[in-house]
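As stored in coords-v4.pdb (PDB, C-alpha atoms, pLDDT in the B column):
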```pdb
ATOM      1  CA  MET O 919     -26.737  -1.588  -8.361  1.00 44.00           C
ATOM      2  CA  ARG O 920     -28.070  -0.710 -11.784  1.00 37.00           C
ATOM      3  CA  HIS O 921     -31.176   1.013 -10.453  1.00 41.00           C
ATOM      4  CA  VAL O 922     -32.515   1.965  -7.109  1.00 43.00           C
ATOM      5  CA  TRP O 923     -36.284   2.028  -6.918  1.00 45.00           C
ATOM      6  CA  CYS O 924     -38.699   2.941  -4.226  1.00 51.00           C
ATOM      7  CA  VAL O 925     -38.499   0.220  -1.599  1.00 43.00           C
ATOM      8  CA  ARG O 926     -41.564   1.653   0.040  1.00 47.00           C
ATOM      9  CA  SER O 927     -43.846   0.470  -2.743  1.00 46.00           C
ATOM     10  CA  ARG O 928     -47.067  -1.139  -1.684  1.00 50.00           C
ATOM     11  CA  GLY O 929     -45.778  -4.654  -2.196  1.00 54.00           C
ATOM     12  CA  GLU O 930     -47.054  -6.772  -5.038  1.00 55.00           C
ATOM     13  CA  SER O 931     -50.778  -6.232  -4.531  1.00 58.00           C
ATOM     14  CA  GLY O 932     -51.218  -2.783  -2.979  1.00 70.00           C
ATOM     15  CA  THR O 933     -52.434   0.308  -4.749  1.00 80.00           C
ATOM     16  CA  PHE O 934     -51.214   3.865  -5.018  1.00 85.00           C
ATOM     17  CA  ASP O 935     -53.208   7.055  -4.649  1.00 86.00           C
ATOM     18  CA  SER O 936     -54.738   8.079  -7.987  1.00 88.00           C
ATOM     19  CA  THR O 937     -52.318  11.037  -8.206  1.00 89.00           C
ATOM     20  CA  ASP O 938     -49.201   8.944  -7.513  1.00 88.00           C
ATOM     21  CA  PHE O 939     -46.668   9.049 -10.369  1.00 87.00           C
ATOM     22  CA  ARG O 940     -45.923   5.348  -9.903  1.00 87.00           C
ATOM     23  CA  ASN O 941     -49.300   4.567 -11.496  1.00 90.00           C
ATOM     24  CA  VAL O 942     -47.756   5.330 -14.910  1.00 91.00           C
ATOM     25  CA  VAL O 943     -44.308   3.836 -14.299  1.00 93.00           C
ATOM     26  CA  PRO O 944     -43.871   0.406 -15.913  1.00 94.00           C
ATOM     27  CA  ARG O 945     -41.656  -0.745 -13.027  1.00 92.00           C
ATOM     28  CA  PHE O 946     -44.623  -0.407 -10.671  1.00 91.00           C
ATOM     29  CA  THR O 947     -47.230  -2.434 -12.535  1.00 91.00           C
ATOM     30  CA  PRO O 948     -48.505  -5.247 -10.285  1.00 90.00           C
ATOM     31  CA  GLU O 949     -46.627  -7.940 -12.249  1.00 90.00           C
ATOM     32  CA  ASN O 950     -43.348  -6.001 -12.230  1.00 92.00           C
ATOM     33  CA  ARG O 951     -43.654  -5.109  -8.542  1.00 90.00           C
ATOM     34  CA  LYS O 952     -44.101  -8.796  -7.813  1.00 89.00           C
ATOM     35  CA  ALA O 953     -40.961  -9.653  -9.808  1.00 89.00           C
ATOM     36  CA  ASN O 954     -38.970  -6.804  -8.253  1.00 90.00           C
ATOM     37  CA  LEU O 955     -39.819  -7.792  -4.695  1.00 91.00           C
ATOM     38  CA  ALA O 956     -36.938 -10.286  -4.816  1.00 91.00           C
ATOM     39  CA  PHE O 957     -34.426  -7.488  -4.431  1.00 91.00           C
ATOM     40  CA  VAL O 958     -36.572  -5.595  -1.928  1.00 92.00           C
ATOM     41  CA  GLU O 959     -36.724  -8.743   0.216  1.00 94.00           C
ATOM     42  CA  TRP O 960     -32.948  -9.226  -0.061  1.00 95.00           C
ATOM     43  CA  LEU O 961     -32.344  -5.574   0.839  1.00 96.00           C
ATOM     44  CA  THR O 962     -34.735  -5.835   3.800  1.00 96.00           C
ATOM     45  CA  LYS O 963     -32.718  -8.739   5.243  1.00 97.00           C
ATOM     46  CA  PHE O 964     -29.465  -6.849   4.691  1.00 98.00           C
ATOM     47  CA  ALA O 965     -30.975  -3.767   6.384  1.00 97.00           C
ATOM     48  CA  GLU O 966     -32.068  -5.843   9.394  1.00 97.00           C
ATOM     49  CA  ARG O 967     -28.454  -6.949   9.880  1.00 96.00           C
ATOM     50  CA  LYS O 968     -27.433  -3.289   9.923  1.00 97.00           C
ATOM     51  CA  LYS O 969     -30.355  -2.256  12.172  1.00 96.00           C
ATOM     52  CA  ALA O 970     -31.590   0.079   9.453  1.00 97.00           C
ATOM     53  CA  THR O 971     -34.451   0.323   6.997  1.00 96.00           C
ATOM     54  CA  PRO O 972     -34.177  -0.726   3.347  1.00 95.00           C
ATOM     55  CA  ALA O 973     -34.574   2.915   2.292  1.00 94.00           C
ATOM     56  CA  GLN O 974     -31.697   3.934   4.562  1.00 96.00           C
ATOM     57  CA  ILE O 975     -29.469   1.220   3.108  1.00 97.00           C
ATOM     58  CA  ALA O 976     -30.347   2.269  -0.451  1.00 95.00           C
ATOM     59  CA  LEU O 977     -29.456   5.871   0.361  1.00 96.00           C
ATOM     60  CA  ALA O 978     -26.295   4.871   2.242  1.00 96.00           C
ATOM     61  CA  TRP O 979     -25.242   2.772  -0.756  1.00 96.00           C
ATOM     62  CA  LEU O 980     -25.679   5.788  -3.024  1.00 94.00           C
ATOM     63  CA  LEU O 981     -23.723   7.996  -0.611  1.00 93.00           C
ATOM     64  CA  ALA O 982     -20.896   5.434  -0.601  1.00 94.00           C
ATOM     65  CA  GLN O 983     -20.463   5.557  -4.394  1.00 91.00           C
ATOM     66  CA  LYS O 984     -18.627   8.857  -4.832  1.00 90.00           C
ATOM     67  CA  PRO O 985     -17.979  11.758  -2.448  1.00 87.00           C
ATOM     68  CA  TRP O 986     -19.762  14.139  -4.812  1.00 91.00           C
ATOM     69  CA  MET O 987     -22.852  11.954  -5.280  1.00 88.00           C
ATOM     70  CA  VAL O 988     -25.891  13.311  -3.466  1.00 87.00           C
ATOM     71  CA  PRO O 989     -29.182  11.377  -3.580  1.00 89.00           C
ATOM     72  CA  ILE O 990     -32.316  13.493  -3.549  1.00 89.00           C
ATOM     73  CA  PRO O 991     -35.090  11.340  -2.103  1.00 89.00           C
ATOM     74  CA  GLY O 992     -38.595  12.703  -2.225  1.00 84.00           C
ATOM     75  CA  THR O 993     -41.228  12.406   0.448  1.00 88.00           C
ATOM     76  CA  THR O 994     -44.312  14.139   1.722  1.00 88.00           C
ATOM     77  CA  LYS O 995     -44.131  12.620   5.197  1.00 92.00           C
ATOM     78  CA  LEU O 996     -42.045  13.966   8.080  1.00 95.00           C
ATOM     79  CA  HIS O 997     -41.298  10.480   9.454  1.00 95.00           C
ATOM     80  CA  ARG O 998     -39.903   9.448   6.041  1.00 94.00           C
ATOM     81  CA  LEU O 999     -37.728  12.567   5.949  1.00 95.00           C
ATOM     82  CA  GLU O1000     -36.371  11.647   9.378  1.00 95.00           C
ATOM     83  CA  GLU O1001     -35.829   8.064   8.212  1.00 95.00           C
ATOM     84  CA  ASN O1002     -34.002   9.274   5.095  1.00 94.00           C
ATOM     85  CA  ASN O1003     -31.795  11.575   7.180  1.00 94.00           C
ATOM     86  CA  GLY O1004     -30.778   8.540   9.232  1.00 95.00           C
ATOM     87  CA  ALA O1005     -29.027   7.125   6.173  1.00 94.00           C
ATOM     88  CA  SER O1006     -26.189   9.618   6.642  1.00 92.00           C
ATOM     89  CA  ALA O1007     -25.265   7.890   9.918  1.00 94.00           C
ATOM     90  CA  ILE O1008     -24.966   4.448   8.310  1.00 95.00           C
ATOM     91  CA  GLU O1009     -21.442   3.457   7.448  1.00 93.00           C
ATOM     92  CA  LEU O1010     -21.173   0.752   4.851  1.00 96.00           C
ATOM     93  CA  SER O1011     -17.849  -1.024   4.570  1.00 96.00           C
ATOM     94  CA  ALA O1012     -16.310  -1.733   1.183  1.00 96.00           C
ATOM     95  CA  ASP O1013     -17.484  -5.332   1.662  1.00 98.00           C
ATOM     96  CA  ASP O1014     -21.043  -4.121   2.374  1.00 98.00           C
ATOM     97  CA  VAL O1015     -21.069  -1.988  -0.774  1.00 97.00           C
ATOM     98  CA  SER O1016     -19.735  -4.918  -2.805  1.00 97.00           C
ATOM     99  CA  GLU O1017     -22.331  -7.281  -1.329  1.00 97.00           C
ATOM    100  CA  ILE O1018     -25.199  -4.937  -2.216  1.00 97.00           C
ATOM    101  CA  THR O1019     -23.812  -4.285  -5.689  1.00 95.00           C
ATOM    102  CA  LEU O1020     -23.346  -8.004  -6.362  1.00 96.00           C
ATOM    103  CA  ALA O1021     -26.856  -8.883  -5.156  1.00 94.00           C
ATOM    104  CA  ALA O1022     -28.366  -6.127  -7.293  1.00 93.00           C
ATOM    105  CA  SER O1023     -26.451  -7.310 -10.349  1.00 93.00           C
ATOM    106  CA  LYS O1024     -27.806 -10.846  -9.955  1.00 93.00           C
ATOM    107  CA  ILE O1025     -31.463  -9.872  -9.550  1.00 89.00           C
ATOM    108  CA  PRO O1026     -32.950  -8.412 -12.741  1.00 89.00           C
ATOM    109  CA  VAL O1027     -35.101  -5.302 -12.495  1.00 90.00           C
ATOM    110  CA  GLU O1028     -38.383  -5.761 -14.344  1.00 93.00           C
ATOM    111  CA  GLY O1029     -40.130  -2.845 -16.020  1.00 94.00           C
ATOM    112  CA  ALA O1030     -38.823   0.364 -17.497  1.00 92.00           C
ATOM    113  CA  ARG O1031     -37.850   3.206 -15.182  1.00 89.00           C
ATOM    114  CA  TYR O1032     -40.198   5.617 -16.976  1.00 90.00           C
ATOM    115  CA  PRO O1033     -43.027   5.376 -19.501  1.00 90.00           C
ATOM    116  CA  GLU O1034     -41.681   5.464 -23.075  1.00 88.00           C
ATOM    117  CA  HIS O1035     -42.615   9.105 -23.715  1.00 87.00           C
ATOM    118  CA  LEU O1036     -40.726  10.229 -20.591  1.00 87.00           C
ATOM    119  CA  GLU O1037     -37.693   8.060 -21.333  1.00 85.00           C
ATOM    120  CA  LYS O1038     -37.316   9.988 -24.593  1.00 84.00           C
ATOM    121  CA  MET O1039     -37.287  13.236 -22.637  1.00 86.00           C
ATOM    122  CA  VAL O1040     -34.567  12.127 -20.197  1.00 82.00           C
ATOM    123  CA  GLY O1041     -32.353  10.449 -22.769  1.00 70.00           C
ATOM    124  CA  ILE O1042     -32.574   6.880 -21.477  1.00 60.00           C
TER
END
```

Here is a file; write its structure as structure tokens.
Amino acid sequence: MRHVWCVRSRGESGTFDSTDFRNVVPRFTPENRKANLAFVEWLTKFAERKKATPAQIALAWLLAQKPWMVPIPGTTKLHRLEENNGASAIELSADDVSEITLAASKIPVEGARYPEHLEKMVGI
């Protein structure tokens, strides 16, 4: 998976709070969210098969990459923290990891990860 983005976005037509960082992120413009929903929908179906949420599968996929890799998801909601913690109990097989990686490689991600001025600061 080239990039993991927030699968809890407001879908293609929702809005974010005026203070939400995603308002300035090109990946979360309405047209890019609409294009990127293809992978979110795929991941949702995969998660249903595993009796998990898409966010849990995304975190479990990251945890499965390397033993030293530690995702740091952010949240302001207790129920999301509990959901995120549930990812540690999900065991993805090598076939599961390959399936997710293959699907992500076939579905292009639209929109830059950060606005141009921030990309320069993080070396992207």

Residues near O:Ile975, cut-off 12 Å, only C-alpha atoms, skip fewer than 3 positions along chain, as an NGL selection string: :O and (922 or 924-925 or 958 or 960-972 or 978-982 or 1001-1011 or 1014-1015 or 1017-1019)

Residue subset to file, keeping C-alpha atoms, as a PDB file, in the frame of the given file:
```pdb
ATOM      1  CA  VAL O 922     -32.515   1.965  -7.109  1.00 43.00           C
ATOM      2  CA  CYS O 924     -38.699   2.941  -4.226  1.00 51.00           C
ATOM      3  CA  VAL O 925     -38.499   0.220  -1.599  1.00 43.00           C
ATOM      4  CA  VAL O 958     -36.572  -5.595  -1.928  1.00 92.00           C
ATOM      5  CA  TRP O 960     -32.948  -9.226  -0.061  1.00 95.00           C
ATOM      6  CA  LEU O 961     -32.344  -5.574   0.839  1.00 96.00           C
ATOM      7  CA  THR O 962     -34.735  -5.835   3.800  1.00 96.00           C
ATOM      8  CA  LYS O 963     -32.718  -8.739   5.243  1.00 97.00           C
ATOM      9  CA  PHE O 964     -29.465  -6.849   4.691  1.00 98.00           C
ATOM     10  CA  ALA O 965     -30.975  -3.767   6.384  1.00 97.00           C
ATOM     11  CA  GLU O 966     -32.068  -5.843   9.394  1.00 97.00           C
ATOM     12  CA  ARG O 967     -28.454  -6.949   9.880  1.00 96.00           C
ATOM     13  CA  LYS O 968     -27.433  -3.289   9.923  1.00 97.00           C
ATOM     14  CA  LYS O 969     -30.355  -2.256  12.172  1.00 96.00           C
ATOM     15  CA  ALA O 970     -31.590   0.079   9.453  1.00 97.00           C
ATOM     16  CA  THR O 971     -34.451   0.323   6.997  1.00 96.00           C
ATOM     17  CA  PRO O 972     -34.177  -0.726   3.347  1.00 95.00           C
ATOM     18  CA  ALA O 978     -26.295   4.871   2.242  1.00 96.00           C
ATOM     19  CA  TRP O 979     -25.242   2.772  -0.756  1.00 96.00           C
ATOM     20  CA  LEU O 980     -25.679   5.788  -3.024  1.00 94.00           C
ATOM     21  CA  LEU O 981     -23.723   7.996  -0.611  1.00 93.00           C
ATOM     22  CA  ALA O 982     -20.896   5.434  -0.601  1.00 94.00           C
ATOM     23  CA  GLU O1001     -35.829   8.064   8.212  1.00 95.00           C
ATOM     24  CA  ASN O1002     -34.002   9.274   5.095  1.00 94.00           C
ATOM     25  CA  ASN O1003     -31.795  11.575   7.180  1.00 94.00           C
ATOM     26  CA  GLY O1004     -30.778   8.540   9.232  1.00 95.00           C
ATOM     27  CA  ALA O1005     -29.027   7.125   6.173  1.00 94.00           C
ATOM     28  CA  SER O1006     -26.189   9.618   6.642  1.00 92.00           C
ATOM     29  CA  ALA O1007     -25.265   7.890   9.918  1.00 94.00           C
ATOM     30  CA  ILE O1008     -24.966   4.448   8.310  1.00 95.00           C
ATOM     31  CA  GLU O1009     -21.442   3.457   7.448  1.00 93.00           C
ATOM     32  CA  LEU O1010     -21.173   0.752   4.851  1.00 96.00           C
ATOM     33  CA  SER O1011     -17.849  -1.024   4.570  1.00 96.00           C
ATOM     34  CA  ASP O1014     -21.043  -4.121   2.374  1.00 98.00           C
ATOM     35  CA  VAL O1015     -21.069  -1.988  -0.774  1.00 97.00           C
ATOM     36  CA  GLU O1017     -22.331  -7.281  -1.329  1.00 97.00           C
ATOM     37  CA  ILE O1018     -25.199  -4.937  -2.216  1.00 97.00           C
ATOM     38  CA  THR O1019     -23.812  -4.285  -5.689  1.00 95.00           C
TER      39      THR O1019
END
```

Between atom CA of O:Ala1030 and atom CA of O:Val943, what is the distance in Å, rounded to a tenth?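 Atom CA of O:Val943 lies 7.2 Å from atom CA of O:Ala1030.
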
Just so the selection is clear, what residues does the PyMOL selection byres ((chain O and resi 957) around 9) cover here, as a VMD selection string? chain O and resid 953 to 956 958 to 962 1021 to 1022 1025 to 1027

Between atom CA of O:Pro989 and atom CA of O:Leu977, measure the distance and give it in Å to one decimal.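 A separation of 6.8 Å between them.
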
O:Pro944 proximity check over O:Gly992, O:Gly932, O:Pro985, O:Pro1033, using all atoms listed in the file: winner is O:Pro1033
